[in-house]
$ cat protein-v4.cif   # mmCIF, C-alpha atoms
data_final
#
loop_
_atom_site.group_PDB
_atom_site.id
_atom_site.type_symbol
_atom_site.label_atom_id
_atom_site.label_comp_id
_atom_site.auth_asym_id
_atom_site.auth_seq_id
_atom_site.Cartn_x
_atom_site.Cartn_y
_atom_site.Cartn_z
ATOM 1 C CA MET A 1 -22.791 9.379 15.019
ATOM 2 C CA ALA A 2 -19.597 8.057 16.603
ATOM 3 C CA GLU A 3 -16.466 10.168 16.472
ATOM 4 C CA LEU A 4 -13.577 8.683 14.492
ATOM 5 C CA ALA A 5 -10.407 8.445 16.565
ATOM 6 C CA ILE A 6 -7.267 9.523 14.728
ATOM 7 C CA SER A 7 -3.874 8.569 16.096
ATOM 8 C CA VAL A 8 -0.230 9.038 15.189
ATOM 9 C CA LEU A 9 1.891 5.896 15.318
ATOM 10 C CA CYS A 10 5.664 6.138 15.456
ATOM 11 C CA VAL A 11 7.098 3.253 13.420
ATOM 12 C CA LYS A 12 10.726 2.343 12.809
ATOM 13 C CA THR A 13 11.221 1.531 9.119
ATOM 14 C CA VAL A 14 14.261 0.846 6.952
ATOM 15 C CA GLU A 15 14.112 4.527 5.911
ATOM 16 C CA GLY A 16 14.107 5.628 9.559
ATOM 17 C CA GLU A 17 11.427 6.612 12.049
ATOM 18 C CA ARG A 18 8.074 7.493 10.442
ATOM 19 C CA HIS A 19 4.986 9.041 12.000
ATOM 20 C CA TYR A 20 1.867 7.529 10.428
ATOM 21 C CA VAL A 21 -1.590 9.052 10.819
ATOM 22 C CA THR A 22 -4.257 6.341 11.012
ATOM 23 C CA CYS A 23 -7.718 5.612 12.360
ATOM 24 C CA LEU A 24 -6.710 2.128 13.549
ATOM 25 C CA PRO A 25 -6.204 1.647 17.286
ATOM 26 C CA GLU A 26 -2.504 1.359 18.210
ATOM 27 C CA LYS A 27 -2.902 -2.130 19.724
ATOM 28 C CA ARG A 28 -4.532 -3.486 16.559
ATOM 29 C CA ALA A 29 -2.009 -1.840 14.242
ATOM 30 C CA PHE A 30 1.006 -3.260 16.040
ATOM 31 C CA ALA A 31 -0.575 -6.674 16.671
ATOM 32 C CA ARG A 32 -1.755 -7.324 13.105
ATOM 33 C CA GLY A 33 0.321 -4.902 11.085
ATOM 34 C CA LEU A 34 -0.566 -1.610 9.498
ATOM 35 C CA PRO A 35 -1.812 -2.066 5.921
ATOM 36 C CA PRO A 36 -0.949 0.819 3.557
ATOM 37 C CA GLU A 37 -4.652 1.504 2.944
ATOM 38 C CA ALA A 38 -5.138 2.201 6.680
ATOM 39 C CA ILE A 39 -2.527 4.980 6.714
ATOM 40 C CA LEU A 40 -4.202 8.326 6.044
ATOM 41 C CA GLY A 41 -0.789 9.945 5.636
ATOM 42 C CA THR A 42 2.483 10.751 7.341
ATOM 43 C CA LEU A 43 3.760 13.700 9.288
ATOM 44 C CA VAL A 44 6.648 15.553 7.697
ATOM 45 C CA ARG A 45 8.103 15.947 11.194
ATOM 46 C CA PRO A 46 7.153 14.767 14.695
ATOM 47 C CA LEU A 47 4.562 16.834 16.542
ATOM 48 C CA GLN A 48 5.725 19.029 19.393
ATOM 49 C CA PRO A 49 4.005 18.524 22.790
ATOM 50 C CA GLY A 50 0.469 19.920 22.561
ATOM 51 C CA GLU A 51 0.756 20.543 18.810
ATOM 52 C CA ALA A 52 -2.123 19.485 16.562
ATOM 53 C CA ILE A 53 -1.898 17.960 13.107
ATOM 54 C CA ALA A 54 -2.024 20.771 10.537
ATOM 55 C CA PRO A 55 -2.095 20.652 6.723
ATOM 56 C CA ALA A 56 1.490 21.937 6.493
ATOM 57 C CA LEU A 57 2.684 18.966 8.587
ATOM 58 C CA PHE A 58 0.669 16.312 6.762
ATOM 59 C CA ALA A 59 1.521 14.374 3.604
ATOM 60 C CA ARG A 60 -1.410 12.307 2.361
ATOM 61 C CA ASN A 61 -0.989 8.639 1.499
ATOM 62 C CA PRO A 62 -1.868 7.913 -2.156
ATOM 63 C CA ALA A 63 -2.878 4.302 -1.288
ATOM 64 C CA PHE A 64 -5.458 5.581 1.211
ATOM 65 C CA VAL A 65 -6.758 8.277 -1.138
ATOM 66 C CA GLN A 66 -7.120 5.795 -3.995
ATOM 67 C CA GLY A 67 -8.882 3.249 -1.759
ATOM 68 C CA ALA A 68 -11.272 5.919 -0.473
ATOM 69 C CA ALA A 69 -12.091 7.003 -4.032
ATOM 70 C CA LEU A 70 -12.796 3.416 -5.106
ATOM 71 C CA SER A 71 -15.166 2.794 -2.208
ATOM 72 C CA SER A 72 -17.355 5.857 -2.871
#

$ encode --input "protein-v4.cif" --output "structure tokens"
Amino acid sequence: MAELAISVLCVKTVEGERHYVTCLPEKRAFARGLPPEAILGTLVRPLQPGEAIAPALFARNPAFVQGAALSS
């Protein structure tokens, strides 16, 4: 079974800089756009060098959760 690559994309939005957690490759996300359903969640703050994503830093995306529930 192939391992799913998770990445954090830093995106400038009208609300300011956001750090989105997604399984889309960075090149694809920035070339075609990042649909809300492809965003697993956001980080409540940027990661420090060498820091891993932890539950306390992660806010899930309701659009992704709802889409995942509908597809099961």

$ resolve_selection --input "protein-v4.cif" --expression "the PyMOL selection byres ((chain A and resi 25-41) around 9)" --output "ChimeraX atom specification"
/A:5-9,19-24,42-43,58-68

$ atom_distance --input "protein-v4.cif" --atom1 "CA of Val44 (chain A)" --atom2 "CA of Ala56 (chain A)"
8.3 Å

$ atom_distance --input "protein-v4.cif" --atom1 "CA of Ala54 (chain A)" --atom2 "CA of Glu17 (chain A)"
19.6 Å

$ atom_distance --input "protein-v4.cif" --atom1 "CA of Ala52 (chain A)" --atom2 "CA of Val14 (chain A)"
26.6 Å

$ axis_aligned_box --input "protein-v4.cif" --around "region 4-22 of chain A" --padding-each-side "5 Å" --output "AutoDock Vina command-line options"
--center_x 0.3 --center_y 5.2 --center_z 11.2 --size_x 37.8 --size_y 18.7 --size_z 20.7

$ build_atoms --input "protein-v4.cif" --residues "region 25-58 of chain A" --atoms "N, CA and C atoms" --output "PDB file, keeping the file's coordinate frame"
ATOM      1  N   PRO A  25      -6.741   1.587  15.924  1.00  0.00           N
ATOM      2  CA  PRO A  25      -6.204   1.647  17.286  1.00  0.00           C
ATOM      3  C   PRO A  25      -4.764   1.127  17.302  1.00  0.00           C
ATOM      4  N   GLU A  26      -3.925   1.724  18.141  1.00  0.00           N
ATOM      5  CA  GLU A  26      -2.504   1.359  18.210  1.00  0.00           C
ATOM      6  C   GLU A  26      -2.306  -0.131  18.468  1.00  0.00           C
ATOM      7  N   LYS A  27      -3.059  -0.701  19.412  1.00  0.00           N
ATOM      8  CA  LYS A  27      -2.902  -2.130  19.724  1.00  0.00           C
ATOM      9  C   LYS A  27      -3.172  -2.998  18.503  1.00  0.00           C
ATOM     10  N   ARG A  28      -4.198  -2.692  17.746  1.00  0.00           N
ATOM     11  CA  ARG A  28      -4.532  -3.486  16.559  1.00  0.00           C
ATOM     12  C   ARG A  28      -3.463  -3.327  15.484  1.00  0.00           C
ATOM     13  N   ALA A  29      -2.998  -2.095  15.282  1.00  0.00           N
ATOM     14  CA  ALA A  29      -2.009  -1.840  14.242  1.00  0.00           C
ATOM     15  C   ALA A  29      -0.707  -2.583  14.504  1.00  0.00           C
ATOM     16  N   PHE A  30      -0.253  -2.595  15.743  1.00  0.00           N
ATOM     17  CA  PHE A  30       1.006  -3.260  16.040  1.00  0.00           C
ATOM     18  C   PHE A  30       0.842  -4.770  16.206  1.00  0.00           C
ATOM     19  N   ALA A  31      -0.344  -5.231  16.525  1.00  0.00           N
ATOM     20  CA  ALA A  31      -0.575  -6.674  16.671  1.00  0.00           C
ATOM     21  C   ALA A  31      -0.733  -7.353  15.318  1.00  0.00           C
ATOM     22  N   ARG A  32      -1.437  -6.704  14.398  1.00  0.00           N
ATOM     23  CA  ARG A  32      -1.755  -7.324  13.105  1.00  0.00           C
ATOM     24  C   ARG A  32      -1.039  -6.685  11.925  1.00  0.00           C
ATOM     25  N   GLY A  33      -0.332  -5.623  12.167  1.00  0.00           N
ATOM     26  CA  GLY A  33       0.321  -4.902  11.085  1.00  0.00           C
ATOM     27  C   GLY A  33      -0.523  -3.732  10.619  1.00  0.00           C
ATOM     28  N   LEU A  34       0.104  -2.824   9.957  1.00  0.00           N
ATOM     29  CA  LEU A  34      -0.566  -1.610   9.498  1.00  0.00           C
ATOM     30  C   LEU A  34      -0.596  -1.625   7.967  1.00  0.00           C
ATOM     31  N   PRO A  35      -1.743  -2.020   7.384  1.00  0.00           N
ATOM     32  CA  PRO A  35      -1.812  -2.066   5.921  1.00  0.00           C
ATOM     33  C   PRO A  35      -1.720  -0.657   5.330  1.00  0.00           C
ATOM     34  N   PRO A  36      -1.095  -0.506   4.168  1.00  0.00           N
ATOM     35  CA  PRO A  36      -0.949   0.819   3.557  1.00  0.00           C
ATOM     36  C   PRO A  36      -2.270   1.577   3.413  1.00  0.00           C
ATOM     37  N   GLU A  37      -3.349   0.857   3.134  1.00  0.00           N
ATOM     38  CA  GLU A  37      -4.652   1.504   2.944  1.00  0.00           C
ATOM     39  C   GLU A  37      -5.219   2.078   4.237  1.00  0.00           C
ATOM     40  N   ALA A  38      -4.662   1.696   5.386  1.00  0.00           N
ATOM     41  CA  ALA A  38      -5.138   2.201   6.680  1.00  0.00           C
ATOM     42  C   ALA A  38      -4.344   3.416   7.145  1.00  0.00           C
ATOM     43  N   ILE A  39      -3.337   3.810   6.361  1.00  0.00           N
ATOM     44  CA  ILE A  39      -2.527   4.980   6.714  1.00  0.00           C
ATOM     45  C   ILE A  39      -3.075   6.182   5.950  1.00  0.00           C
ATOM     46  N   LEU A  40      -3.665   7.122   6.681  1.00  0.00           N
ATOM     47  CA  LEU A  40      -4.202   8.326   6.044  1.00  0.00           C
ATOM     48  C   LEU A  40      -3.083   9.156   5.431  1.00  0.00           C
ATOM     49  N   GLY A  41      -1.943   9.190   6.119  1.00  0.00           N
ATOM     50  CA  GLY A  41      -0.789   9.945   5.636  1.00  0.00           C
ATOM     51  C   GLY A  41       0.328   9.886   6.653  1.00  0.00           C
ATOM     52  N   THR A  42       1.353  10.676   6.416  1.00  0.00           N
ATOM     53  CA  THR A  42       2.483  10.751   7.341  1.00  0.00           C
ATOM     54  C   THR A  42       2.704  12.204   7.739  1.00  0.00           C
ATOM     55  N   LEU A  43       3.369  12.359   8.858  1.00  0.00           N
ATOM     56  CA  LEU A  43       3.760  13.700   9.288  1.00  0.00           C
ATOM     57  C   LEU A  43       5.141  13.988   8.731  1.00  0.00           C
ATOM     58  N   VAL A  44       5.351  15.201   8.254  1.00  0.00           N
ATOM     59  CA  VAL A  44       6.648  15.553   7.697  1.00  0.00           C
ATOM     60  C   VAL A  44       7.698  15.740   8.790  1.00  0.00           C
ATOM     61  N   ARG A  45       7.240  15.898  10.021  1.00  0.00           N
ATOM     62  CA  ARG A  45       8.103  15.947  11.194  1.00  0.00           C
ATOM     63  C   ARG A  45       7.271  15.558  12.407  1.00  0.00           C
ATOM     64  N   PRO A  46       7.915  15.120  13.490  1.00  0.00           N
ATOM     65  CA  PRO A  46       7.153  14.767  14.695  1.00  0.00           C
ATOM     66  C   PRO A  46       6.434  15.996  15.267  1.00  0.00           C
ATOM     67  N   LEU A  47       5.298  15.749  15.880  1.00  0.00           N
ATOM     68  CA  LEU A  47       4.562  16.834  16.542  1.00  0.00           C
ATOM     69  C   LEU A  47       5.273  17.246  17.822  1.00  0.00           C
ATOM     70  N   GLN A  48       5.217  18.522  18.123  1.00  0.00           N
ATOM     71  CA  GLN A  48       5.725  19.029  19.393  1.00  0.00           C
ATOM     72  C   GLN A  48       4.653  18.784  20.456  1.00  0.00           C
ATOM     73  N   PRO A  49       5.013  18.727  21.739  1.00  0.00           N
ATOM     74  CA  PRO A  49       4.005  18.524  22.790  1.00  0.00           C
ATOM     75  C   PRO A  49       2.880  19.549  22.676  1.00  0.00           C
ATOM     76  N   GLY A  50       1.648  19.066  22.642  1.00  0.00           N
ATOM     77  CA  GLY A  50       0.469  19.920  22.561  1.00  0.00           C
ATOM     78  C   GLY A  50       0.146  20.412  21.156  1.00  0.00           C
ATOM     79  N   GLU A  51       0.977  20.092  20.182  1.00  0.00           N
ATOM     80  CA  GLU A  51       0.756  20.543  18.810  1.00  0.00           C
ATOM     81  C   GLU A  51      -0.260  19.639  18.107  1.00  0.00           C
ATOM     82  N   ALA A  52      -1.117  20.238  17.315  1.00  0.00           N
ATOM     83  CA  ALA A  52      -2.123  19.485  16.562  1.00  0.00           C
ATOM     84  C   ALA A  52      -1.629  19.238  15.140  1.00  0.00           C
ATOM     85  N   ILE A  53      -2.207  18.234  14.513  1.00  0.00           N
ATOM     86  CA  ILE A  53      -1.898  17.960  13.107  1.00  0.00           C
ATOM     87  C   ILE A  53      -2.462  19.113  12.273  1.00  0.00           C
ATOM     88  N   ALA A  54      -1.629  19.659  11.408  1.00  0.00           N
ATOM     89  CA  ALA A  54      -2.024  20.771  10.537  1.00  0.00           C
ATOM     90  C   ALA A  54      -1.680  20.400   9.098  1.00  0.00           C
ATOM     91  N   PRO A  55      -2.365  20.986   8.118  1.00  0.00           N
ATOM     92  CA  PRO A  55      -2.095  20.652   6.723  1.00  0.00           C
ATOM     93  C   PRO A  55      -0.622  20.780   6.321  1.00  0.00           C
ATOM     94  N   ALA A  56       0.081  21.749   6.851  1.00  0.00           N
ATOM     95  CA  ALA A  56       1.490  21.937   6.493  1.00  0.00           C
ATOM     96  C   ALA A  56       2.381  20.810   7.016  1.00  0.00           C
ATOM     97  N   LEU A  57       1.909  20.061   7.997  1.00  0.00           N
ATOM     98  CA  LEU A  57       2.684  18.966   8.587  1.00  0.00           C
ATOM     99  C   LEU A  57       2.304  17.605   8.014  1.00  0.00           C
ATOM    100  N   PHE A  58       1.262  17.569   7.198  1.00  0.00           N
ATOM    101  CA  PHE A  58       0.669  16.312   6.762  1.00  0.00           C
ATOM    102  C   PHE A  58       0.924  16.041   5.289  1.00  0.00           C
TER     103      PHE A  58
END
